[in-house]
Amino acid sequence: MLALACSALPAFAEALVGPGVGNADTLVSEGSKLFNRKDYAGASANLLKATRASPATLSTYLQLARASLLDKQLTRACYAYRVYLKASPDTPDRKKASAESDQCDRQLKMAKGQPPDPTPRYVELRATFFSTLEKGELVGVSGAAQALRQLVQEGFLGPELGEMASKLGAAVVAQADGIFKRVLALERVPTADLRAGRPLLEVAAEVGASPADAKARMAFFDGLSELAERGFAKAEPAFAEAAKADPSNKEYVFYRALALFQGGERFAALKALEADLKDDPRTQVLRVTVALGHSPENGAAELEKLLFTTRFPQDK
Amino acid sequence: MLGVTSVLSWSRGPAVALAFVAFAAHAETTVWLVRPLYPGQEALVEKTERGLDRLLTGDARKDSLIGARELAGALKGKTGEEVPCLSGDARCADPTDAYVASLGFGRVMMIMGGQDEVGFKFKVASYDPRTGKSALATATNPVLEKALLGAVVKVFPASATLDVKSTPSGATVYVDDQKMGTTPLSTQVLPGEHVVRLDLKLHQGVEENLFIPIRGAATLDKLLEKVTARVIVTASPAGTSIAIDGQVLGKDRVDRGITPGDHTLRLTADGYKAYEQTVTVKAEEQLVLDKMLEKIAAPEPAVKTVVIHEPAKTDVPVVRPQGGRVGPTPGPPIIAARTDTPVPPAVVLPPLPKGPTESEITGEQRSYFQFGFQYARFMGNSLVGRRWGTAGTGRTETFLTPSRYLVGGEAEYGATGQNFGLSVIGLTYLTNVEHAGMSVGFAKGTAQEVIDGVTGPDVIDPVKIHLLQLRALQPLLRVCFWKVTLWVQGGFELRTGQIVETTNPFYKDGFMPLDVLFSARGGFKLRLIEGFYLYGAGNYAVYLTGETTDSGVRSGNTWGFNSGFGYGF
């Protein structure tokens, strides 16, 4: 079910929060430029992005509120004023901002056709986010990542967004790392968990928490998922991609050989292992089996070599 | 789960039934692989594999694969499609153990064999794929199979069972000359070649060479023939090997039946002269011999002790050999007692050679060390010493006090022939123990010594005298009788030392005598135990040359005596 849920997600989602969204200073600068040209809609769009790129920069919320007010988006403007006033109670322009907020509220009462106040909806989504985060339900339609996506899509604002993204990023990275380590520790990991590996790392990318070897790990998870479902032909290139992305991790090489071996390509598997894991016991055993496939004499010779090399204790 | 199957049997003579039984200890196969330990010794691999083939019999052999060829045969038909940790979902870092086990091998014995200056050397590793553990053992022996077994038994359950029966029972069982018990006997032994011997009084002993395979069993069942003659040999020192007709029958004591006729008895022990004697034993006779071997160091091949003891339970008369030297504590008198069996006639042993006399033993002491006390008295009253350490003109001259004797110790080393020898070196230290004072004169042609403008005193009192007398290469004449040696020696001796005033000395460094003497000494040595002896002697020393004072005084002669102890060898 998790696999189905994950498969419903986009392959490469846009960044939600953090530097992946864009450069906050550039976005603010661009927004200000548009504001001065009286392109208040364009300015609002840039400033909104700027708040996501750097949720901790409070002045952007005030600029967004003013641009939205002049763009006649009163509901958004009033919400932005409230966020700013709540987050920065001691700023010098608080008195002026408060007056502007009151004026915005008065205009909103008088205005017609404005959307309803989104705050109740945000409260609900925030609660969903934290509860699912606490349960470890990070990806999928009812997971914390989806709640955060909805908050962002529906215009949630505030410095808190940065903290939420950070928490989610740490959680998804930890969960993905856990699966990765279980695989490397030779545990038998359920296919569903293997399938969850890539979405977790994608969420990490959305919130700006990707590990350095995320690309290799995502390919590795892809390969493992395929291998678990006997998709050897798809698994092998995935492992090859992982090995290419992170040549320091020789387990990717082994899994590539494993995909080849299980796909019936024994010689290719041995060749792959000989190239990078020549003295690994798995290579040595595979060498024996390949030799045995050639002739019993070759198999016996290789087995003898293996035993004397690895099982004959050295003198102390 | 030891299954017993009779797989091999043979017999040696009508009275012997030998059956080997192999134990099927493991249903799984044991693989024996051999590699050369040293370069260029590949030929030893085949030799070792042949040795293994000989050592493994029955089910143990059936459950074994020896060498790469047999291993290849066993692998025939195994394609290796399934590889642990590669096939299926389970993963592991090292599939070797699981893979070897999947081939049906319960144990792999890896042997590295080589030949060097010591003999055959084998390193054997026993690898158990179920646990993944390997144990290593090493053995060396000039015989290939012994070296191989020596290492294998340490890491492989290879012990074999030996069952020994005899008719009648009660025979003593020896395996490779080690007493194992009496029949009927069941015991565990190491596989390989063994010599099993059965001994029973008044019965013909038997000996069998058995080859017992690894994890095999052997049964020896012998009918012991009764014989009418008996031999009882007791030998010392402990560990003396007793052989009759070239066959070693035991150590220290042998009591067994023997066929009538001529037999050669031979006793051997390390460090002792072998003893060999041919005896004729007639039917219904008993030969009793108690013999102590002679040390090789003794001067002549002599037998110190031959004691003919009284017979044991089957009393038969024994005749003491004529002319033989009887030991210091002769055995009890020979007793002929009645028994229910006929009394066999006595055996006469030939006379034995004499041992060395006390004089000869004393005379054999050709080198000596001795330490002792020496007393020496000046016959005159002068002892001239020149100034010590300076070019001063002062010279000691005469004793001014009545006491003129010195005492001290001496040490000497010498080497001799039968009567003539050499005192190689001797050293004596002498000092005064009583108060002494001396007059001080001056050297010829000079005047009384002046130091810092002050004329030195002509008397020093009290003085301490330290004399050191060194003698070397003095010829020596000796005569030995019983434990006593009388000897005289004479030659040159050098005398030096220090004479120093002990209270407020004006002549700060004192005086140094420097005289050449002719010395002679003579005395006796009494040997006590082994080479240790006590000695007493007189000594006499005559002044030859040395310092003379302006008034013509020179050092006097001395006489005295010595006593102490030494060791000759």
# chains A, B, ... in the order shown; residues from 1 in each chain; ligands from 1

call {"tool": "interface_residues", "arguments": {"of": "chain A", "to": "chain B", "cutoff": "10 Å", "atoms": "only C-alpha atoms", "output": "MDAnalysis selection string"}}
result
chainID A and resid 183:189 227:228 254:255 257:259 261:262 264 266 280:286 288:308 310:315

call {"tool": "residues_around", "arguments": {"residues": "stretch 122-133 of chain A", "least_positions_apart": "2", "cutoff": "9 Å", "atoms": "only C-alpha atoms", "output": "list of chain:residue names"}}
result
A:Pro118, A:Thr119, A:Pro120, A:Lys135, A:Gly136, A:Glu137, A:Leu138, A:Ser142, A:Gly143, A:Ala144, A:Ala145, A:Gln146, A:Ala147, A:Leu148, A:Gln150, A:Leu151, A:Glu154, A:Gly155, A:Phe156, A:Met164, A:Lys167, A:Leu168, A:Ala171

call {"tool": "atom_distance", "arguments": {"atom1": "atom CA of B:Leu422", "atom2": "atom CA of B:Gln489"}}
result
8.1 Å

call {"tool": "atom_distance", "arguments": {"atom1": "atom CA of B:Tyr540", "atom2": "atom CA of B:Gln469"}}
result
12.5 Å

call {"tool": "atom_distance", "arguments": {"atom1": "atom CA of A:Arg52", "atom2": "atom CA of A:Gln153"}}
result
10.9 Å

call {"tool": "select_by_dssp", "arguments": {"residues": "stretch 24-223 of chain A", "states": "helix (DSSP H, G or I)", "output": "number ranges by chain"}}
result
A: 24-36, 40-53, 59-70, 74-87, 94-110, 119-135, 144-153, 160-184, 191-206, 214-223

call {"tool": "residues_around", "arguments": {"residues": "B:Lys444", "least_positions_apart": "4", "cutoff": "12 Å", "atoms": "only C-alpha atoms", "output": "VMD selection string"}}
result
chain B and resid 386 393 to 395 448 547 to 554

call {"tool": "write_last_selection", "arguments": {"atoms": "C-alpha atoms", "output": "PDB file, in the first residue's frame"}}
result
ATOM      1  CA  ARG B 386     110.605  -0.065  50.053  1.00  0.00           C
ATOM      2  CA  THR B 393     114.392   6.398  50.759  1.00  0.00           C
ATOM      3  CA  GLY B 394     112.744   4.828  53.811  1.00  0.00           C
ATOM      4  CA  ARG B 395     112.921   1.035  54.251  1.00  0.00           C
ATOM      5  CA  GLN B 448     116.983   8.848  56.466  1.00  0.00           C
ATOM      6  CA  GLU B 547     115.397  -5.182  48.632  1.00  0.00           C
ATOM      7  CA  THR B 548     118.386  -4.635  50.970  1.00  0.00           C
ATOM      8  CA  THR B 549     118.806  -1.631  53.244  1.00  0.00           C
ATOM      9  CA  ASP B 550     121.868   0.564  53.721  1.00  0.00           C
ATOM     10  CA  SER B 551     122.709  -1.423  56.836  1.00  0.00           C
ATOM     11  CA  GLY B 552     122.577  -4.719  54.874  1.00  0.00           C
ATOM     12  CA  VAL B 553     119.252  -5.969  56.215  1.00  0.00           C
ATOM     13  CA  ARG B 554     117.162  -8.216  53.952  1.00  0.00           C
TER      14      ARG B 554
END

call {"tool": "residues_around", "arguments": {"residues": "A:Val172", "least_positions_apart": "3", "cutoff": "6 Å", "atoms": "only C-alpha atoms", "output": "ChimeraX atom specification"}}
result
/A:169,175,200
